[in-house]
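Raw contents of data_19.cif, mmCIF, C-alpha atoms:
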```cif
data_model
#
loop_
_atom_site.label_atom_id
_atom_site.label_comp_id
_atom_site.auth_asym_id
_atom_site.auth_seq_id
_atom_site.Cartn_x
_atom_site.Cartn_y
_atom_site.Cartn_z
CA MET F 1 27.76 6.13 14.12
CA ASP F 2 27.28 9.08 11.76
CA THR F 3 24.51 11.31 13.11
CA HIS F 4 25.08 14.46 11.05
CA ARG F 5 22.24 13.85 8.56
CA GLN F 6 18.91 15.62 8.97
CA ILE F 7 16.10 13.46 7.59
CA LEU F 8 12.37 14.13 7.79
CA HIS F 9 9.61 11.60 7.40
CA VAL F 10 6.30 13.27 6.51
CA ASP F 11 3.10 11.25 6.90
CA MET F 12 -0.22 12.69 5.73
CA ASN F 13 -2.75 11.81 8.45
CA CYS F 14 -5.65 9.52 7.41
CA PHE F 15 -4.73 10.42 3.86
CA TYR F 16 -7.70 9.21 1.80
CA ALA F 17 -10.19 10.49 4.37
CA SER F 18 -8.33 13.79 4.66
CA VAL F 19 -8.49 14.31 0.91
CA GLU F 20 -12.23 13.58 0.92
CA MET F 21 -12.73 16.13 3.70
CA ALA F 22 -10.58 18.69 1.87
CA GLU F 23 -12.78 18.25 -1.21
CA ASP F 24 -16.01 18.33 0.81
CA PRO F 25 -15.67 20.44 3.99
CA ARG F 26 -19.08 19.20 5.17
CA LEU F 27 -17.32 15.95 6.13
CA ARG F 28 -14.88 17.62 8.52
CA GLY F 29 -15.12 16.46 12.12
CA LYS F 30 -17.34 13.52 11.18
CA PRO F 31 -16.63 9.76 11.22
CA VAL F 32 -15.63 9.28 7.58
CA ILE F 33 -14.70 5.91 6.10
CA VAL F 34 -13.19 5.44 2.66
CA GLY F 35 -14.06 1.99 1.35
CA GLY F 36 -16.01 0.01 -1.21
CA ASP F 37 -19.72 -0.37 -1.92
CA GLU F 38 -21.67 -0.85 1.29
CA GLU F 39 -25.00 -1.65 -0.38
CA ALA F 40 -23.43 -4.33 -2.55
CA ARG F 41 -21.70 -5.72 0.56
CA HIS F 42 -18.21 -5.65 -0.78
CA GLY F 43 -15.12 -3.71 0.14
CA ILE F 44 -13.02 -3.02 3.20
CA VAL F 45 -12.00 0.07 5.14
CA LEU F 46 -9.05 1.64 3.33
CA THR F 47 -8.78 4.48 5.83
CA ALA F 48 -10.94 6.27 8.36
CA SER F 49 -10.97 9.71 9.93
CA TYR F 50 -9.94 10.06 13.56
CA PRO F 51 -13.56 10.39 14.81
CA ALA F 52 -14.27 7.03 13.15
CA LYS F 53 -11.11 5.47 14.57
CA ARG F 54 -12.07 6.61 18.07
CA ARG F 55 -15.32 4.67 17.67
CA GLY F 56 -13.40 1.47 16.87
CA VAL F 57 -13.09 1.52 13.08
CA LYS F 58 -9.84 -0.03 11.88
CA THR F 59 -8.15 -0.31 8.50
CA ALA F 60 -8.95 -3.58 6.65
CA MET F 61 -12.24 -4.09 8.50
CA THR F 62 -15.11 -5.13 6.27
CA LEU F 63 -17.62 -2.34 5.81
CA ASN F 64 -20.25 -4.39 7.64
CA GLU F 65 -17.96 -4.67 10.67
CA ALA F 66 -17.20 -0.94 10.52
CA ARG F 67 -20.90 -0.11 10.39
CA ARG F 68 -21.54 -2.25 13.47
CA VAL F 69 -18.95 -0.41 15.58
CA CYS F 70 -19.78 3.01 14.11
CA PRO F 71 -23.42 3.17 12.92
CA GLU F 72 -23.20 6.90 12.17
CA ALA F 73 -20.19 6.53 9.84
CA ILE F 74 -20.22 8.26 6.44
CA ILE F 75 -18.85 5.79 3.89
CA VAL F 76 -17.47 7.19 0.62
CA PRO F 77 -15.94 5.29 -2.31
CA PRO F 78 -12.24 5.76 -3.08
CA GLN F 79 -11.12 8.19 -5.76
CA TYR F 80 -7.58 7.11 -6.57
CA GLY F 81 -6.97 9.69 -9.27
CA LEU F 82 -7.73 12.40 -6.72
CA TYR F 83 -5.39 10.86 -4.13
CA ILE F 84 -2.55 10.65 -6.65
CA SER F 85 -3.11 14.31 -7.50
CA TYR F 86 -2.85 15.33 -3.83
CA SER F 87 0.25 13.17 -3.42
CA ARG F 88 1.94 14.97 -6.29
CA ARG F 89 0.95 18.36 -4.91
CA ALA F 90 2.44 17.41 -1.55
CA ARG F 91 5.68 16.40 -3.22
CA GLN F 92 5.79 19.74 -5.01
CA ILE F 93 5.86 21.38 -1.58
CA TYR F 94 8.62 19.04 -0.35
CA ASN F 95 10.70 19.75 -3.45
CA GLN F 96 10.82 23.43 -2.50
CA TYR F 97 13.05 22.44 0.41
CA THR F 98 15.15 19.65 -1.12
CA ASP F 99 15.46 17.60 -4.27
CA LEU F 100 16.16 14.53 -2.14
CA VAL F 101 12.57 13.34 -1.74
CA GLU F 102 11.74 9.62 -1.60
CA PRO F 103 8.06 8.61 -1.72
CA PHE F 104 6.97 5.77 0.56
CA GLY F 105 3.49 5.18 -0.80
CA LEU F 106 1.14 7.96 -1.78
CA ASP F 107 0.90 9.54 1.67
CA GLU F 108 4.43 9.31 3.05
CA ALA F 109 7.87 10.57 2.03
CA TRP F 110 11.38 10.96 3.36
CA LEU F 111 13.20 14.27 2.84
CA ASP F 112 16.94 14.70 3.30
CA ILE F 113 17.24 18.33 4.43
CA THR F 114 20.84 18.11 5.65
CA ASP F 115 21.80 21.08 3.49
CA SER F 116 18.38 22.74 3.32
CA PRO F 117 18.36 24.72 6.60
CA ARG F 118 21.32 26.85 5.44
CA LEU F 119 19.57 27.56 2.14
CA ALA F 120 16.31 28.46 3.85
CA GLY F 121 17.91 30.36 6.68
CA SER F 122 16.28 28.10 9.22
CA SER F 123 16.94 25.08 11.43
CA PRO F 124 15.86 21.50 10.64
CA GLU F 125 13.09 21.91 13.19
CA GLY F 126 12.07 25.16 11.50
CA VAL F 127 11.82 23.47 8.10
CA ALA F 128 9.68 20.69 9.60
CA ARG F 129 7.32 23.13 11.29
CA GLU F 130 7.03 25.23 8.14
CA ILE F 131 6.02 22.17 6.11
CA SER F 132 3.59 21.18 8.85
CA ALA F 133 1.96 24.62 8.68
CA ARG F 134 1.81 24.78 4.87
CA MET F 135 0.17 21.42 4.26
CA PRO F 136 -3.24 22.19 5.83
CA GLN F 137 -3.20 25.71 4.36
CA GLU F 138 -2.40 24.63 0.80
CA LEU F 139 -3.80 21.08 0.63
CA GLY F 140 -6.27 20.92 3.51
CA CYS F 141 -4.46 17.90 4.98
CA THR F 142 -2.49 17.73 8.22
CA VAL F 143 0.77 15.82 8.54
CA SER F 144 2.82 14.18 11.25
CA ILE F 145 6.58 14.60 10.95
CA GLY F 146 9.58 12.82 12.42
CA LEU F 147 13.13 14.22 12.35
CA SER F 148 16.21 12.07 12.89
CA TRP F 149 19.61 11.23 11.46
CA ASN F 150 18.31 8.10 9.71
CA LYS F 151 15.19 7.07 7.81
CA ILE F 152 14.02 4.41 10.26
CA PHE F 153 13.95 6.67 13.32
CA ALA F 154 12.50 9.54 11.25
CA LYS F 155 9.55 7.29 10.39
CA PHE F 156 9.28 6.19 14.01
CA GLY F 157 9.06 9.88 14.93
CA SER F 158 6.21 10.58 12.50
CA ASP F 159 4.27 7.63 13.96
CA PHE F 160 5.03 8.56 17.57
CA ARG F 161 2.61 11.47 17.94
CA LYS F 162 -0.53 11.72 15.77
CA PRO F 163 -2.31 13.56 14.36
CA ASN F 164 -0.42 16.68 13.36
CA GLY F 165 2.55 15.79 15.54
CA PHE F 166 6.27 16.52 15.37
CA THR F 167 8.89 14.40 17.10
CA VAL F 168 12.67 14.79 17.04
CA VAL F 169 14.52 11.51 17.54
CA SER F 170 18.05 12.57 18.42
CA PRO F 171 20.75 10.12 19.60
CA GLU F 172 20.14 11.29 23.17
CA ALA F 173 16.39 10.70 22.85
CA VAL F 174 16.61 7.10 21.60
CA PRO F 175 16.78 5.41 25.05
CA ARG F 176 13.91 7.58 26.27
CA ILE F 177 11.58 7.60 23.24
CA VAL F 178 12.40 4.68 20.95
CA TRP F 179 13.70 1.83 23.09
CA PRO F 180 10.78 1.62 25.56
CA SER F 181 8.30 1.26 22.67
CA LYS F 182 6.86 -2.08 21.62
CA VAL F 183 9.01 -3.96 19.15
CA GLN F 184 6.27 -4.02 16.50
CA GLU F 185 6.45 -0.23 16.27
CA LEU F 186 9.77 -0.60 14.43
CA LEU F 187 9.51 -0.60 10.63
CA TYR F 188 9.33 -4.14 9.19
CA VAL F 189 8.62 -5.91 12.45
CA GLY F 190 5.36 -7.54 11.42
CA PRO F 191 3.02 -9.85 13.38
CA ALA F 192 4.99 -13.05 12.66
CA THR F 193 8.32 -11.45 13.63
CA ARG F 194 6.76 -9.92 16.74
CA ARG F 195 5.48 -13.33 17.88
CA LYS F 196 8.90 -14.92 17.41
CA LEU F 197 10.60 -12.14 19.33
CA ASN F 198 7.98 -12.16 22.10
CA ARG F 199 8.36 -15.93 22.53
CA ASN F 200 12.04 -15.30 23.14
CA GLY F 201 11.46 -12.58 25.72
CA ILE F 202 11.96 -9.57 23.44
CA PHE F 203 9.04 -7.16 23.77
CA THR F 204 10.57 -3.71 23.26
CA ILE F 205 12.80 -2.09 20.65
CA GLY F 206 15.45 -1.59 23.33
CA GLN F 207 15.49 -5.30 24.16
CA LEU F 208 15.96 -6.05 20.47
CA ALA F 209 18.78 -3.52 20.21
CA LEU F 210 20.63 -4.97 23.20
CA ALA F 211 19.99 -8.65 22.43
CA ASP F 212 22.78 -11.03 21.41
CA SER F 213 23.30 -10.56 17.67
CA TYR F 214 24.08 -14.22 17.03
CA ALA F 215 20.84 -15.29 18.76
CA ILE F 216 18.79 -12.81 16.72
CA LYS F 217 20.35 -14.06 13.48
CA ARG F 218 19.60 -17.68 14.42
CA LEU F 219 16.03 -16.74 15.25
CA LEU F 220 15.21 -14.53 12.24
CA GLY F 221 17.97 -15.10 9.71
CA LYS F 222 19.38 -12.25 7.64
CA MET F 223 16.31 -10.10 8.34
CA GLY F 224 17.11 -10.36 12.05
CA GLU F 225 20.41 -8.58 11.45
CA VAL F 226 18.60 -5.88 9.51
CA ILE F 227 15.93 -5.06 12.07
CA GLN F 228 18.42 -5.20 14.93
CA SER F 229 20.55 -2.63 13.11
CA PHE F 230 17.38 -0.55 12.75
CA ALA F 231 16.78 -0.77 16.50
CA ARG F 232 20.35 0.35 17.17
CA GLY F 233 20.04 3.38 14.86
CA LEU F 234 22.58 2.03 12.38
CA ASP F 235 20.47 2.54 9.26
CA THR F 236 22.58 4.33 6.66
CA ALA F 237 20.22 4.01 3.69
CA PRO F 238 20.19 7.21 1.61
CA VAL F 239 17.08 9.11 0.64
CA ARG F 240 16.70 8.10 -2.98
CA THR F 241 16.12 11.03 -5.34
CA TYR F 242 12.84 10.97 -7.22
CA GLU F 243 13.39 10.55 -10.98
CA PRO F 244 10.52 12.07 -13.00
CA GLY F 245 11.47 10.14 -16.13
CA ILE F 246 10.61 6.82 -14.52
CA GLY F 247 7.11 7.96 -13.61
CA ASP F 248 5.29 8.20 -10.29
CA ILE F 249 4.10 4.63 -10.35
CA ALA F 250 7.60 3.18 -10.33
CA HIS F 251 8.35 5.00 -7.06
CA GLU F 252 5.03 4.98 -5.29
CA ILE F 253 3.76 1.52 -6.14
CA LYS F 254 5.84 -1.66 -6.16
CA GLY F 255 2.77 -3.83 -6.57
CA ILE F 256 -0.62 -3.34 -8.15
CA GLY F 257 -3.51 -5.22 -6.61
CA ASN F 258 -7.25 -5.45 -6.44
CA GLY F 259 -9.39 -7.25 -3.91
CA ILE F 260 -13.09 -7.50 -3.18
CA THR F 261 -15.46 -8.62 -0.47
CA THR F 262 -18.15 -10.15 -2.64
CA PRO F 263 -21.85 -9.32 -2.18
CA PHE F 264 -22.44 -13.07 -1.75
CA ASP F 265 -20.56 -16.08 -0.44
CA VAL F 266 -18.57 -17.77 -3.22
CA GLU F 267 -19.42 -21.47 -2.97
CA ASP F 268 -17.97 -23.01 -6.14
CA GLU F 269 -14.75 -22.91 -8.13
CA ARG F 270 -16.38 -21.58 -11.30
CA THR F 271 -17.66 -18.45 -9.56
CA ALA F 272 -14.35 -18.00 -7.75
CA ARG F 273 -12.52 -18.05 -11.08
CA GLN F 274 -14.96 -15.53 -12.53
CA VAL F 275 -14.40 -13.11 -9.64
CA ILE F 276 -10.63 -13.60 -9.72
CA TRP F 277 -10.67 -12.93 -13.45
CA LEU F 278 -12.45 -9.62 -12.87
CA MET F 279 -9.87 -8.63 -10.27
CA GLY F 280 -6.92 -9.80 -12.36
CA GLU F 281 -8.20 -8.03 -15.45
CA SER F 282 -8.23 -4.69 -13.61
CA VAL F 283 -4.68 -5.34 -12.36
CA ALA F 284 -3.48 -6.05 -15.90
CA GLN F 285 -5.28 -2.94 -17.16
CA ARG F 286 -3.48 -0.76 -14.61
CA LEU F 287 -0.14 -2.34 -15.49
CA ARG F 288 -0.65 -1.38 -19.12
CA ALA F 289 -1.82 2.11 -18.19
CA HIS F 290 1.43 2.72 -16.32
CA GLY F 291 3.72 1.01 -18.84
CA LEU F 292 4.72 -1.80 -16.48
CA THR F 293 5.04 -5.56 -16.53
CA ALA F 294 4.96 -7.99 -13.59
CA ARG F 295 7.00 -11.11 -12.95
CA THR F 296 5.15 -12.29 -9.84
CA VAL F 297 1.42 -12.91 -9.44
CA SER F 298 -0.26 -13.63 -6.11
CA ALA F 299 -3.84 -14.39 -5.13
CA TRP F 300 -5.53 -14.38 -1.74
CA THR F 301 -8.84 -15.53 -0.32
CA ARG F 302 -10.71 -15.07 2.96
CA ASP F 303 -12.89 -17.83 4.37
CA ALA F 304 -16.57 -16.91 4.72
CA GLU F 305 -16.95 -18.59 8.12
CA THR F 306 -13.69 -17.95 9.97
CA LEU F 307 -12.64 -14.80 8.06
CA CYS F 308 -9.11 -16.27 8.01
CA GLY F 309 -7.09 -15.39 4.94
CA SER F 310 -4.54 -17.29 2.91
CA SER F 311 -2.42 -16.38 -0.09
CA ARG F 312 -0.13 -17.93 -2.64
CA GLN F 313 2.17 -16.53 -5.29
CA MET F 314 4.10 -17.70 -8.33
CA THR F 315 6.90 -16.35 -10.48
CA LEU F 316 6.09 -16.31 -14.17
CA GLU F 317 8.44 -17.42 -16.92
CA ARG F 318 8.63 -13.87 -18.26
CA PRO F 319 7.35 -10.42 -17.24
CA THR F 320 3.83 -9.78 -18.48
CA GLN F 321 1.00 -7.28 -18.65
CA LEU F 322 -1.34 -9.63 -20.52
CA THR F 323 -4.77 -10.11 -18.99
CA SER F 324 -4.91 -13.80 -19.90
CA GLU F 325 -1.54 -14.65 -18.33
CA ILE F 326 -2.14 -12.77 -15.10
CA CYS F 327 -5.71 -14.02 -14.66
CA THR F 328 -4.91 -17.65 -15.48
CA ALA F 329 -2.11 -17.69 -12.90
CA ALA F 330 -4.20 -15.92 -10.26
CA ALA F 331 -7.21 -18.20 -10.72
CA ALA F 332 -5.08 -21.31 -10.34
CA LEU F 333 -3.49 -19.92 -7.18
CA ALA F 334 -6.78 -18.82 -5.60
CA CYS F 335 -8.57 -22.13 -6.17
CA ALA F 336 -5.64 -24.33 -5.15
CA HIS F 337 -6.22 -23.90 -1.41
CA VAL F 338 -10.03 -23.68 -1.19
CA ASP F 339 -11.91 -27.00 -0.90
CA PHE F 340 -15.20 -26.06 -2.51
CA ALA F 341 -16.10 -29.75 -2.92
CA HIS F 342 -16.37 -30.12 0.88
CA GLY F 343 -18.40 -26.99 1.53
CA GLU F 344 -15.77 -24.31 2.00
CA LYS F 345 -16.98 -20.82 1.13
CA VAL F 346 -15.10 -17.62 0.37
CA ARG F 347 -16.24 -14.06 1.06
CA ALA F 348 -13.22 -12.13 -0.23
CA LEU F 349 -10.71 -12.62 -3.04
CA GLY F 350 -7.88 -10.61 -4.48
CA VAL F 351 -5.05 -10.49 -7.01
CA ARG F 352 -1.71 -8.71 -6.87
CA ALA F 353 1.07 -8.23 -9.41
CA SER F 354 4.57 -7.45 -8.14
CA GLN F 355 8.24 -7.56 -9.14
CA LEU F 356 7.42 -4.77 -11.56
CA SER F 357 9.60 -3.48 -14.39
CA PRO F 358 9.12 -1.04 -17.28
CA ALA F 359 7.37 -2.60 -20.26
CA SER F 360 10.03 -1.02 -22.46
CA ALA F 361 12.79 -3.14 -20.86
CA TRP F 362 14.60 -5.70 -23.02
CA VAL F 363 13.23 -9.26 -22.83
CA GLN F 364 14.46 -12.59 -24.13
CA LEU F 365 12.31 -13.59 -27.11
CA ASP F 366 10.84 -17.08 -27.28
CA VAL F 367 12.62 -19.27 -29.82
CA PHE F 368 9.32 -20.92 -30.83
CA GLY F 369 7.67 -17.66 -31.88
CA GLU F 370 5.33 -17.19 -28.92
CA GLU F 371 5.97 -13.45 -28.97
CA SER F 372 3.85 -12.94 -32.08
CA ARG F 373 0.87 -14.56 -30.36
CA ARG F 374 1.49 -12.56 -27.18
CA GLN F 375 1.69 -9.34 -29.21
CA ARG F 376 -1.70 -10.07 -30.76
CA MET F 377 -3.15 -10.66 -27.29
CA LEU F 378 -1.60 -7.40 -26.11
CA ASP F 379 -3.12 -5.52 -29.05
CA LEU F 380 -6.53 -6.94 -28.12
CA ASP F 381 -6.07 -5.93 -24.46
CA ARG F 382 -5.14 -2.40 -25.46
CA THR F 383 -8.15 -2.11 -27.75
CA ILE F 384 -10.42 -3.12 -24.87
CA ASP F 385 -8.63 -0.64 -22.59
CA GLU F 386 -9.27 2.16 -25.06
CA LEU F 387 -12.97 1.31 -25.36
CA ARG F 388 -13.34 1.24 -21.57
CA PHE F 389 -11.47 4.51 -21.24
CA ARG F 390 -13.78 6.20 -23.74
CA PHE F 391 -17.10 4.64 -22.80
CA GLY F 392 -16.68 3.36 -19.22
CA ASN F 393 -15.46 0.15 -17.62
CA HIS F 394 -18.66 -1.71 -18.46
CA ALA F 395 -18.44 -0.95 -22.20
CA VAL F 396 -16.80 -4.35 -22.77
CA ARG F 397 -17.89 -7.13 -20.43
CA HIS F 398 -17.49 -10.86 -20.05
CA LEU F 399 -20.37 -13.17 -20.82
CA SER F 400 -20.00 -14.60 -17.31
CA GLU F 401 -20.89 -11.18 -15.86
CA LEU F 402 -24.05 -11.01 -17.93
CA ALA F 403 -24.96 -14.61 -17.13
CA ASP F 404 -24.57 -14.11 -13.37
CA SER F 405 -26.50 -11.06 -12.15
CA ARG F 406 -24.55 -11.13 -8.88
CA LEU F 407 -21.45 -9.97 -10.77
CA ALA F 408 -23.20 -7.24 -12.74
CA GLY F 409 -22.54 -4.43 -10.27
CA ILE F 410 -18.83 -5.11 -9.76
CA ASP F 411 -16.56 -2.46 -11.28
CA ALA F 412 -13.17 -3.93 -10.50
CA GLN F 413 -11.14 -1.18 -12.15
CA ARG F 414 -12.86 1.55 -10.12
CA ASP F 415 -12.42 -0.32 -6.83
CA ASN F 416 -8.71 -0.98 -7.19
CA VAL F 417 -6.31 -1.04 -4.26
CA VAL F 418 -2.98 0.77 -4.36
CA HIS F 419 -0.10 -0.82 -2.42
CA PRO F 420 2.85 1.13 -0.98
CA VAL F 421 6.47 1.02 -2.03
CA SER F 422 8.95 -1.16 -0.14
CA PHE F 423 11.71 0.41 1.99
CA PHE F 424 14.15 -2.05 0.37
CA ALA F 425 13.21 -1.21 -3.24
#
```
Could you take the file, read its structure, and then write that structure out as structure tokens?
Amino acid sequence: MDTHRQILHVDMNCFYASVEMAEDPRLRGKPVIVGGDEEARHGIVLTASYPAKRRGVKTAMTLNEARRVCPEAIIVPPQYGLYISYSRRARQIYNQYTDLVEPFGLDEAWLDITDSPRLAGSSPEGVAREISARMPQELGCTVSIGLSWNKIFAKFGSDFRKPNGFTVVSPEAVPRIVWPSKVQELLYVGPATRRKLNRNGIFTIGQLALADSYAIKRLLGKMGEVIQSFARGLDTAPVRTYEPGIGDIAHEIKGIGNGITTPFDVEDERTARQVIWLMGESVAQRLRAHGLTARTVSAWTRDAETLCGSSRQMTLERPTQLTSEICTAAAALACAHVDFAHGEKVRALGVRASQLSPASAWVQLDVFGEESRRQRMLDLDRTIDELRFRFGNHAVRHLSELADSRLAGIDAQRDNVVHPVSFFA
């Protein structure tokens, strides 16, 4: 096992809330929640400050639920352009220590500083502490940092002690720090995987590391081999250098999505399709803004009574950034598993586009001439985008929005949701 590398994982604590507090110091020390529109009764908690978390606020809670557990919370709407700006400024600091910087969402990044300490005249620990000190001074945001010889344990280290923590995960420290921790604290062990492992008597990362490899593969398939290698510290994935020519979005976001908790219970398919179209339209608009197309479209809903969610996805025939193609697919997916005819109601819906690629990439043209029609649709979409950019998102609206006053206050483009990059990208 090669342990000579020195890799940092830097995680900006409560990122969205920290940025809001950096912009408005009056919010410091208070229970701040970044979410949607509380008065319109839609939106979820995207992030919360530590005072809010200590009162029971959790990410993905509805704002109504958050208000119940923390009545004194200060709820502010998200400002994604501002968060992207802070993310870029953070990366500018990281790039002063190494050019091997790999974003993992807007608020996290890996840094390979194997050769940096000699250049800076410091130790790996010294570089980490210097970055930790600079971030609140220059950005107003604290960070937690992990240092290890591989990316997985470096991320474990940044999660181990928060906020503003620093943890070194050396080979000698793994049995003491990593292995006693719960198995779900390992990257990519989600709820479903945790339940499978727990049912088979595996509750800690150490138990996963020492388990029979053949049994783990039978239980979890190929992914079982991957996460067991993570638990054993055998991750050899390099820190992928950021390439400015590709654009931030290609590194920081591997999916573009938008979801909403509606200000009313959706009780019929027609209204569900209208809401999904609003969400899908904003997703398509963001794809075009970043010069991307998507091959996969997914839609999700949350039941109004049980609050249980379900989702479906489909792969399209060709990559697209057309509003009509994305929205048509998403609406069909969302309505396929909700039985409105028998009284089912929905309180939240969302759309996500993934399997992204540059719009400039070569594509196979349709032999029947569909591309000319699609180009006309794209020209129309871009014209609408330009009008909304110049005069606001409500400059061009659907008749359904005007006909249904309940939809009038929804600004889907403003309330978008940014999803993080995948480790396996």
(message) Counting all atoms listed in the file, find residues at most 8 Å from (-0.9, -11.0, -23.6) (file frame) and give them as a ChimeraX atom specification.
(response) /F:320-325,373-378,381
Result set, the PyMOL selection byres ((chain F and resi 46-51) around 7) on current file, as a short mmCIF file (atom, residue, chain, number, x, y, z; two decimals) with C-alpha atoms, keeping the file's coordinate frame:
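Written out: result-v1.cif:
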```cif
data_model
loop_
_atom_site.label_atom_id
_atom_site.label_comp_id
_atom_site.auth_asym_id
_atom_site.auth_seq_id
_atom_site.Cartn_x
_atom_site.Cartn_y
_atom_site.Cartn_z
CA CYS F 14 -5.65 9.52 7.41
CA TYR F 16 -7.70 9.21 1.80
CA ALA F 17 -10.19 10.49 4.37
CA GLY F 29 -15.12 16.46 12.12
CA LYS F 30 -17.34 13.52 11.18
CA PRO F 31 -16.63 9.76 11.22
CA VAL F 32 -15.63 9.28 7.58
CA ILE F 33 -14.70 5.91 6.10
CA VAL F 34 -13.19 5.44 2.66
CA GLY F 35 -14.06 1.99 1.35
CA ILE F 44 -13.02 -3.02 3.20
CA VAL F 45 -12.00 0.07 5.14
CA ALA F 52 -14.27 7.03 13.15
CA LYS F 53 -11.11 5.47 14.57
CA ARG F 54 -12.07 6.61 18.07
CA ARG F 55 -15.32 4.67 17.67
CA THR F 59 -8.15 -0.31 8.50
CA ALA F 60 -8.95 -3.58 6.65
#
```
(message) Taking 6 positions as the minimum chain separation for residues in the same chain, which residues sit within 8 Å of Tyr94 in chain F when counting only C-alpha atoms? Answer as a VMD selection string.
(response) chain F and resid 101 111 131
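Atom pair CA of Glu172 in chain F / CA of Thr193 in chain F has a distance of 27.3 Å (rounded to one decimal).
Nearest residue to Thr236 in chain F, choosing from F:Val338, F:Ala304, F:Ile152, F:Val283 and counting all atoms listed in the file: F:Ile152.
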(request) I would like the residues chosen by the PyMOL selection byres ((chain F and resi 82) around 12) on the shown file; could you give them as a list of chain:residue names? (result) F:Phe15, F:Tyr16, F:Ala17, F:Ser18, F:Val19, F:Glu20, F:Ala22, F:Glu23, F:Pro77, F:Pro78, F:Gln79, F:Tyr80, F:Gly81, F:Tyr83, F:Ile84, F:Ser85, F:Tyr86, F:Ser87, F:Arg88, F:Arg89, F:Leu106
(request) For CA of Asp385 in chain F and CA of His290 in chain F, determine how far apart the two atoms are, in Å to one decimal place. (result) 12.3 Å
